[in-house]
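Participant: Quick one: the structure is below, questions incoming.
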Amino acid sequence: DWTMGAYREEAIARIREEVGDAHVICGLSGGVDSSVTAVLLHEAIGDQLTCVFVDHGLLRQNEADEVVAMFRDHYNIKLIHADESDLFLGELEGVSDPEQKRKTIGRLFIDVFQKYAGQIERAEFLAQGTLYPDVIESVSFSGGPSVTIKSHHNVGGLPEKMGLKLVEPLRELFKDEVRALGHELGLPASFIGRHPFPGPGLAIRCPGEITREKLDILRKADAVFIDQIRRHGLYDEIWQAFVAILPVRTVGVMGDGRTYDFACALRAVTSVDGMTADYYPFSHDFLGETATRIINEVQGINRVTYDITSKPPGTIEWE
Ligand code: XMP
């Protein structure tokens with residue numbers, strides 16, 4: 001009789017045996033997989049675990065504070081909050097090509113992670129939230145012909161380069177099982193049910209050049225959109241929802257004045273696995289109310305559009 005409670009005990013015993021008294025580094029993104037990995041490891045080995053949270057300055061509103069509050073303050077996990085936003089945003093200055101953005105962020109991420117991980121004494125292992133589908137995919141696709149649509153951001157190759165062994169306690173699980181395990185470990189439902197967030201963060205929701213001004217506007221608009229979705233009880237029906245700030249200013253009128261501000265696009269999709277997706281059929285009332293709130297509450301935006309492209313032919317993210 002197989003239960004998540006039994007799986008948890010088994011996984012903890014296995015981690016203890018594998019790791020012994022060595023130290024483990026875990027990259028924490030705030031996403032479900034890395035969060036469950038971190039909490040499970042912490043139960044197994046306590047202070048032998050140190051998490052590294054790389055803050056690239058491309059996170060959503062309050063995101064860094066929430067991650068630090070959850071893992072350092074609530075769970076008492078050793079956590080390095082690597083605030084490297086100046087580095088990332090500096091290197092991204094003037095970069096508008098989507099692939100160049102992704103590659104720049106991926107490269108810096110590895111440099112930064114390596115820098116902080118190198119400071120952790122006696123580290124012998126790197127923990128990763130690899131799931132069963134990731135294991136299958138990397139086997140069945142290896143060597144086969146493939147077209148790169150987007151360079152994904154990961155830390156592949158890093159363990160060997162740093163001389164670290166891998167611990168992957170979720171590699172037998174599917175996403176829904178990871179959520180169940182997270183629940184079993186006491187992670188709040190709001191954390192477990194979170195929409196996916198891409199490694200390159202807001203960079204790929206800001207087509208064209210990234211500036212701090214645009215990121216600030218984007219964070220505020222995104223927070224209003226998500227608040228609307230939650231208030232209407234739609235969050236759990238949607239796979240992913242976010243705002244993209246467009247690289248164009250448009251003319252508007254507010255009060256008796258002319259405005260010349262950014263346009264933005266709302267994106268919300270349903271999906272099973274992110275491979276295909278349909279746009280979410282919001283009511284016109286919902287869309288109208290959301291547009292009004294964003295324009296009233298977010299200085300810098302004077303036009304709101306809704307992206308009704310499915311995947312394919314669109315992708316979920318804008319870049
Ligand atoms: P697309 O835009 O390709 O996205 O339809 C499919 C899913 O993948 C997420 N995504 C990423 N996740 N690193 C990630 O960890 C990435 O570089 C990346 N790019 C896209 C996207 O948010 C969606 O859930």
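If you're wondering about the labels, chains in the structure tokens are A, B, ... by order shown, residues count from 1 in each chain, ligands from 1 in order shown.
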Show me, as a ChimeraX atom specification, the residues that have an atom within 12 Å of Ser283 of chain A when counting only C-alpha atoms, minus same-chain residues fewer than 2 positions from it.
Facilitator: /A:229,232,234,280-281,285-290,306
Participant: Save out the residues we just selected, C-alpha atoms, as an mmCIF file, in the first residue's frame.
Facilitator:
data_model
loop_
_atom_site.group_PDB
_atom_site.id
_atom_site.type_symbol
_atom_site.label_atom_id
_atom_site.label_comp_id
_atom_site.auth_asym_id
_atom_site.auth_seq_id
_atom_site.Cartn_x
_atom_site.Cartn_y
_atom_site.Cartn_z
ATOM 1 C CA ILE A 229 -7.351 36.376 -11.412
ATOM 2 C CA HIS A 232 -12.259 36.015 -9.499
ATOM 3 C CA LEU A 234 -9.612 31.640 -11.639
ATOM 4 C CA TYR A 280 -7.956 31.365 -21.491
ATOM 5 C CA PRO A 281 -11.498 32.513 -22.400
ATOM 6 C CA ASP A 285 -16.288 42.023 -18.109
ATOM 7 C CA PHE A 286 -13.195 40.525 -16.544
ATOM 8 C CA LEU A 287 -10.971 41.872 -19.308
ATOM 9 C CA GLY A 288 -12.519 45.330 -19.171
ATOM 10 C CA GLU A 289 -12.219 45.546 -15.395
ATOM 11 C CA THR A 290 -8.608 44.363 -15.521
ATOM 12 C CA TYR A 306 -5.207 40.504 -24.587
#
Participant: Could you give me, as a PyMOL selection string, every polymer residue with an atom at most 10 Å away from an atom of ligand 1, counting only C-alpha atoms and all ligand atoms?
Facilitator: chain A and resi 29+31+102-103+105-106+149-154+195-201+204-205+239-242+269+271+273-277+310-319
Participant: Residues of the last selection are to be written out with C-alpha atoms, as an mmCIF file, in the first residue's frame.
Facilitator:
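Output saved as result_27.cif:
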data_model
loop_
_atom_site.group_PDB
_atom_site.id
_atom_site.type_symbol
_atom_site.label_atom_id
_atom_site.label_comp_id
_atom_site.auth_asym_id
_atom_site.auth_seq_id
_atom_site.Cartn_x
_atom_site.Cartn_y
_atom_site.Cartn_z
ATOM 1 C CA SER A 29 14.275 29.187 -7.667
ATOM 2 C CA GLY A 31 9.375 27.068 -8.089
ATOM 3 C CA ARG A 102 18.644 33.845 -22.740
ATOM 4 C CA LYS A 103 22.285 33.002 -23.323
ATOM 5 C CA ILE A 105 21.298 35.101 -18.397
ATOM 6 C CA GLY A 106 22.220 31.402 -18.575
ATOM 7 C CA ILE A 149 13.006 27.139 -30.419
ATOM 8 C CA LYS A 150 14.363 28.652 -27.218
ATOM 9 C CA SER A 151 17.599 28.002 -25.356
ATOM 10 C CA HIS A 152 16.477 26.771 -21.984
ATOM 11 C CA HIS A 153 18.074 27.949 -18.916
ATOM 12 C CA ASN A 154 19.556 25.192 -16.743
ATOM 13 C CA HIS A 195 2.065 28.862 -11.886
ATOM 14 C CA PRO A 196 5.397 27.973 -13.524
ATOM 15 C CA PHE A 197 7.861 30.837 -13.868
ATOM 16 C CA PRO A 198 10.671 30.650 -16.421
ATOM 17 C CA GLY A 199 14.339 30.746 -15.419
ATOM 18 C CA PRO A 200 15.080 33.911 -17.457
ATOM 19 C CA GLY A 201 12.231 35.571 -15.572
ATOM 20 C CA ILE A 204 11.428 37.235 -21.742
ATOM 21 C CA ARG A 205 8.268 39.186 -20.882
ATOM 22 C CA TRP A 239 -1.782 27.032 -16.260
ATOM 23 C CA GLN A 240 0.080 30.299 -16.428
ATOM 24 C CA ALA A 241 -0.814 33.979 -16.499
ATOM 25 C CA PHE A 242 1.359 37.063 -16.771
ATOM 26 C CA VAL A 269 -3.307 29.948 -21.004
ATOM 27 C CA SER A 271 -2.283 23.596 -20.706
ATOM 28 C CA ASP A 273 2.281 20.167 -19.829
ATOM 29 C CA GLY A 274 3.248 23.472 -21.434
ATOM 30 C CA MET A 275 3.887 21.811 -24.798
ATOM 31 C CA THR A 276 0.593 22.986 -26.248
ATOM 32 C CA ALA A 277 -1.703 25.631 -24.844
ATOM 33 C CA SER A 310 -2.713 29.463 -28.838
ATOM 34 C CA LYS A 311 0.417 27.283 -28.829
ATOM 35 C CA PRO A 312 1.224 26.372 -31.508
ATOM 36 C CA PRO A 313 1.603 28.640 -33.417
ATOM 37 C CA GLY A 314 2.485 31.004 -30.576
ATOM 38 C CA THR A 315 4.641 30.062 -27.622
ATOM 39 C CA ILE A 316 3.434 30.729 -24.096
ATOM 40 C CA GLU A 317 6.131 33.287 -23.344
ATOM 41 C CA TRP A 318 6.678 36.176 -25.731
ATOM 42 C CA GLU A 319 10.356 35.369 -26.281
#
Participant: One decimal, in Å: what's the spacing between atom CA of Ile295 of chain A and atom CA of Arg258 of chain A?
Facilitator: 13.8 Å
Participant: For atom CA of Phe262 of chain A and atom CA of Val224 of chain A, determine how far apart the two atoms are, in Å to one decimal place.
Facilitator: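 The value is 15.9 Å.
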Participant: Write out as a ChimeraX atom specification the set of residues from segment 66-289 of chain A that DSSP, computed on the backbone, places in strand (DSSP E or B).
Facilitator: /A:78-83,123-127,165-167,240-254,257-270,277-279
Participant: Find the distance between atom CA of Phe125 of chain A and atom CA of Val19 of chain A and write it in Å to one decimal.
Facilitator: 7.6 Å
Participant: Which residues, written as a VMD selection string, have at least one atom at most 10 Å from Met4 of chain A, with only C-alpha atoms counted and residues fewer than 6 positions away on the same chain left out?
Facilitator: chain A and resid 10 177 to 178 180 to 185
Participant: Using only C-alpha atoms, find the one residue out of A:Ile210, A:Val54, A:Ile45, A:Val24 that sits nearest to Ala123 of chain A.
Facilitator: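 Of A:Ile210, A:Val54, A:Ile45, A:Val24, the one nearest Ala123 of chain A is A:Val24, counting only C-alpha atoms.
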Participant: Would you pick out the contacts of Ala44 of chain A at 7 Å or less, using only C-alpha atoms, so that residues sharing its chain but fewer than 6 positions from it are not included, and give the list as a list in words?
Facilitator: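 Surrounding residues, per the criterion: Ile12, Ile15 and Arg16 of chain A.
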Participant: Hey, which of A:His81, A:Lys175, A:Arg267, A:Arg8 ends up closest to Thr130 of chain A? Count only C-alpha atoms.
Facilitator: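 Of all the options, A:Lys175 lies closest to Thr130 of chain A.
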Participant: Looking at only C-alpha atoms, which of A:Ile238, A:Ala244, A:Asp256, A:Asp176 is the one that sits closest to Tyr279 of chain A?
Facilitator: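 For Tyr279 of chain A, the nearest of the candidates is A:Ile238.
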Participant: Name the residues of segment 93-279 of chain A that come out as helix (DSSP H, G or I) in a backbone DSSP run; write them as a PyMOL selection string.
Facilitator: chain A and resi 98-117+132-140+158-162+175-184+189-192+201-205+212-231+235-237
Participant: Quick one: everything within 7 Å of Ala22 of chain A, counting only C-alpha atoms, minus sequence neighbours fewer than 4 positions away in the same chain. Send it as a list in words.
Facilitator: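 The neighbour list is Gln48, Arg122, Ala123 and Glu124 of chain A.
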Participant: From the list A:Lys115, A:Arg72, A:Arg179, A:Lys101, which residue is nearest Val32 of chain A when using only C-alpha atoms?
Facilitator: A:Arg179
Participant: Using only C-alpha atoms, determine which residues lie at most 12 Å from Val251 of chain A, disregarding the query and same-chain residues fewer than 2 positions distant; provide the list as an mmCIF file with N, CA and C atoms, in the first residue's frame.
Facilitator:
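Result file is part28.cif:
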data_model
loop_
_atom_site.group_PDB
_atom_site.id
_atom_site.type_symbol
_atom_site.label_atom_id
_atom_site.label_comp_id
_atom_site.auth_asym_id
_atom_site.auth_seq_id
_atom_site.Cartn_x
_atom_site.Cartn_y
_atom_site.Cartn_z
ATOM 1 N N VAL A 248 6.673 49.509 -27.085
ATOM 2 C CA VAL A 248 6.053 50.567 -27.884
ATOM 3 C C VAL A 248 5.228 51.458 -26.962
ATOM 4 N N ARG A 249 5.339 52.761 -27.212
ATOM 5 C CA ARG A 249 4.480 53.689 -26.474
ATOM 6 C C ARG A 249 3.330 54.084 -27.375
ATOM 7 N N VAL A 253 -5.570 59.232 -23.699
ATOM 8 C CA VAL A 253 -6.109 60.443 -23.085
ATOM 9 C C VAL A 253 -6.632 60.075 -21.711
ATOM 10 N N MET A 254 -6.241 60.896 -20.725
ATOM 11 C CA MET A 254 -6.685 60.642 -19.347
ATOM 12 C C MET A 254 -7.018 61.979 -18.721
ATOM 13 N N GLY A 257 -5.886 65.330 -20.294
ATOM 14 C CA GLY A 257 -4.502 65.358 -20.776
ATOM 15 C C GLY A 257 -4.181 64.243 -21.746
ATOM 16 N N ARG A 258 -3.170 64.476 -22.547
ATOM 17 C CA ARG A 258 -2.662 63.457 -23.463
ATOM 18 C C ARG A 258 -1.665 62.605 -22.692
ATOM 19 N N THR A 259 -1.692 61.293 -22.918
ATOM 20 C CA THR A 259 -0.651 60.443 -22.336
ATOM 21 C C THR A 259 0.116 59.784 -23.477
ATOM 22 N N TYR A 260 1.339 59.420 -23.163
ATOM 23 C CA TYR A 260 2.177 58.722 -24.147
ATOM 24 C C TYR A 260 2.967 57.681 -23.359
ATOM 25 N N ASP A 261 2.364 56.514 -23.189
ATOM 26 C CA ASP A 261 2.922 55.502 -22.290
ATOM 27 C C ASP A 261 2.993 54.137 -22.967
ATOM 28 N N PHE A 262 3.507 53.172 -22.211
ATOM 29 C CA PHE A 262 3.674 51.829 -22.778
ATOM 30 C C PHE A 262 2.345 51.090 -22.937
ATOM 31 N N ALA A 263 2.307 50.205 -23.929
ATOM 32 C CA ALA A 263 1.215 49.250 -24.076
ATOM 33 C C ALA A 263 1.666 47.936 -23.450
ATOM 34 N N GLY A 300 2.532 54.595 -16.249
ATOM 35 C CA GLY A 300 3.446 54.165 -17.304
ATOM 36 C C GLY A 300 2.783 53.272 -18.338
ATOM 37 N N ILE A 301 1.551 52.812 -18.045
ATOM 38 C CA ILE A 301 0.813 52.018 -19.031
ATOM 39 C C ILE A 301 -0.504 52.718 -19.359
ATOM 40 N N ASN A 302 -0.774 52.878 -20.627
ATOM 41 C CA ASN A 302 -2.047 53.512 -21.005
ATOM 42 C C ASN A 302 -2.845 52.683 -22.020
ATOM 43 N N ARG A 303 -2.379 51.444 -22.258
ATOM 44 C CA ARG A 303 -3.132 50.602 -23.201
ATOM 45 C C ARG A 303 -2.908 49.136 -22.830
#
Participant: Find the residues around Ile136 of chain A up to 12 Å (only C-alpha atoms counted), leave out those fewer than 6 positions away in its own chain, and share them as a list in words.
Facilitator: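 Selected residues are Thr130, Ser142, Arg171, Glu172, Leu173 and Phe174 of chain A.
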